[in-house]
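K.L.:
Sharing run.cif below, mmCIF, C-alpha atoms, pLDDT in the B column; chains and numbers go by the auth columns:
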data_upload
#
loop_
_atom_site.group_PDB
_atom_site.id
_atom_site.type_symbol
_atom_site.label_atom_id
_atom_site.label_comp_id
_atom_site.label_asym_id
_atom_site.label_seq_id
_atom_site.Cartn_x
_atom_site.Cartn_y
_atom_site.Cartn_z
_atom_site.B_iso_or_equiv
_atom_site.auth_seq_id
_atom_site.auth_asym_id
ATOM 1 C CA MET A 1 13.503 -20.431 -31.680 62.00 1 A
ATOM 2 C CA SER A 2 10.628 -18.697 -29.945 77.00 2 A
ATOM 3 C CA VAL A 3 6.940 -19.371 -30.373 92.00 3 A
ATOM 4 C CA LEU A 4 6.203 -15.639 -30.216 91.00 4 A
ATOM 5 C CA SER A 5 7.405 -13.056 -32.693 93.00 5 A
ATOM 6 C CA PRO A 6 9.319 -9.994 -31.416 92.00 6 A
ATOM 7 C CA ASP A 7 6.222 -7.802 -31.933 95.00 7 A
ATOM 8 C CA GLN A 8 4.115 -10.202 -29.884 95.00 8 A
ATOM 9 C CA ILE A 9 6.712 -10.241 -27.106 95.00 9 A
ATOM 10 C CA VAL A 10 6.729 -6.422 -26.947 97.00 10 A
ATOM 11 C CA THR A 11 2.920 -6.291 -26.928 97.00 11 A
ATOM 12 C CA LEU A 12 2.731 -8.956 -24.226 96.00 12 A
ATOM 13 C CA SER A 13 5.299 -7.069 -22.131 97.00 13 A
ATOM 14 C CA GLU A 14 3.315 -3.838 -22.464 98.00 14 A
ATOM 15 C CA VAL A 15 0.074 -5.526 -21.418 98.00 15 A
ATOM 16 C CA LEU A 16 1.722 -7.207 -18.439 98.00 16 A
ATOM 17 C CA ALA A 17 3.335 -3.908 -17.349 98.00 17 A
ATOM 18 C CA ILE A 18 -0.052 -2.159 -17.478 98.00 18 A
ATOM 19 C CA ILE A 19 -1.709 -4.951 -15.487 98.00 19 A
ATOM 20 C CA LEU A 20 1.100 -4.863 -12.927 98.00 20 A
ATOM 21 C CA GLY A 21 0.748 -1.091 -12.604 97.00 21 A
ATOM 22 C CA VAL A 22 -3.000 -1.361 -12.023 97.00 22 A
ATOM 23 C CA ALA A 23 -2.429 -4.101 -9.437 95.00 23 A
ATOM 24 C CA ILE A 24 0.124 -1.988 -7.551 94.00 24 A
ATOM 25 C CA VAL A 25 -2.163 1.063 -7.539 93.00 25 A
ATOM 26 C CA TRP A 26 -5.049 -1.089 -6.297 92.00 26 A
ATOM 27 C CA ALA A 27 -2.895 -2.603 -3.528 91.00 27 A
ATOM 28 C CA VAL A 28 -1.779 0.837 -2.339 88.00 28 A
ATOM 29 C CA TYR A 29 -5.206 2.464 -2.348 87.00 29 A
ATOM 30 C CA HIS A 30 -7.349 -0.515 -1.305 86.00 30 A
ATOM 31 C CA GLY A 31 -8.916 0.336 2.052 77.00 31 A
ATOM 32 C CA SER A 32 -7.397 3.804 2.197 76.00 32 A
ATOM 33 C CA ASP A 33 -10.848 5.317 2.756 75.00 33 A
ATOM 34 C CA ARG A 34 -10.765 3.797 6.262 73.00 34 A
ATOM 35 C CA ALA A 35 -7.372 5.272 7.112 71.00 35 A
ATOM 36 C CA GLU A 36 -7.104 7.540 10.119 69.00 36 A
ATOM 37 C CA LEU A 37 -6.135 10.992 8.922 71.00 37 A
ATOM 38 C CA PRO A 38 -4.259 13.472 11.163 72.00 38 A
ATOM 39 C CA GLY A 39 -7.328 15.576 11.944 73.00 39 A
ATOM 40 C CA ASP A 40 -9.640 12.591 12.403 70.00 40 A
ATOM 41 C CA ALA A 41 -8.061 10.977 15.469 68.00 41 A
ATOM 42 C CA THR A 42 -10.538 10.352 18.257 75.00 42 A
ATOM 43 C CA VAL A 43 -10.060 12.153 21.554 76.00 43 A
ATOM 44 C CA PRO A 44 -10.171 9.785 24.544 74.00 44 A
ATOM 45 C CA PRO A 45 -12.729 10.471 27.255 79.00 45 A
ATOM 46 C CA SER A 46 -11.548 12.859 29.935 81.00 46 A
ATOM 47 C CA GLY A 47 -12.163 10.286 32.696 81.00 47 A
ATOM 48 C CA GLU A 48 -9.448 7.937 31.447 76.00 48 A
ATOM 49 C CA VAL A 49 -6.029 8.160 33.052 77.00 49 A
ATOM 50 C CA ASP A 50 -2.932 8.554 30.916 74.00 50 A
ATOM 51 C CA ASP A 51 -0.383 5.776 30.604 70.00 51 A
ATOM 52 C CA ALA A 52 2.016 5.847 33.542 75.00 52 A
ATOM 53 C CA VAL A 53 4.923 4.662 31.409 75.00 53 A
ATOM 54 C CA PRO A 54 5.296 5.973 27.850 71.00 54 A
ATOM 55 C CA GLU A 55 5.826 3.493 25.041 71.00 55 A
ATOM 56 C CA THR A 56 9.566 3.429 24.440 70.00 56 A
ATOM 57 C CA GLY A 57 9.829 0.268 22.340 71.00 57 A
ATOM 58 C CA GLY A 58 10.014 0.436 18.605 69.00 58 A
ATOM 59 C CA ARG A 59 12.509 1.008 15.866 68.00 59 A
ATOM 60 C CA THR A 60 15.987 2.199 16.685 67.00 60 A
ATOM 61 C CA LEU A 61 18.976 3.151 14.628 65.00 61 A
ATOM 62 C CA SER A 62 21.229 0.524 16.193 58.00 62 A
#
If you convert what's in this file into C-alpha cells, what do you get?
P.N.:
Amino acid sequence: MSVLSPDQIVTLSEVLAIILGVAIVWAVYHGSDRAELPGDATVPPSGEVDDAVPETGGRTLS
C-alpha cells in the first residue's frame, strides 16, 4: 500500500525528470563561457624556446 496515488507518482516522476534535465544542462554549460575555443588560443612570445622533448604521455589503446 503506497502513500501516493498512481497519478501522484507519475507527476512526481515528471517533475524529478525535468529537474534532473535542468541540472544536467547546467552542469554541462556552467563555465563554458571561459572555455578556450580553437581560434582563441594564445600565441606564445617569439622569444620562448620550444620544448626539446614532445609530450608523449597520455592515453593509449593498450
K.L.:
For atom CA of Val3 of chain A and atom CA of Leu20 of chain A, quote the distance in Å rounded to one decimal.
P.N.:
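Value for the atom CA of Val3 of chain A-atom CA of Leu20 of chain A distance: 23.4 Å.
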K.L.:
To one decimal place in Å, what is the distance between atom CA of Thr56 of chain A and atom CA of Arg34 of chain A?
P.N.:
27.3 Å
K.L.:
Enclose segment 40-46 of chain A, meaning all of its atoms listed in the file, in a box aligned along x, y and z, pad it by 4 Å on each side, and list the centre and edge lengths in Å to one decimal, as AutoDock Vina command-line options.
P.N.:
--center_x -10.4 --center_y 11.3 --center_z 21.2 --size_x 12.7 --size_y 11.1 --size_z 25.5
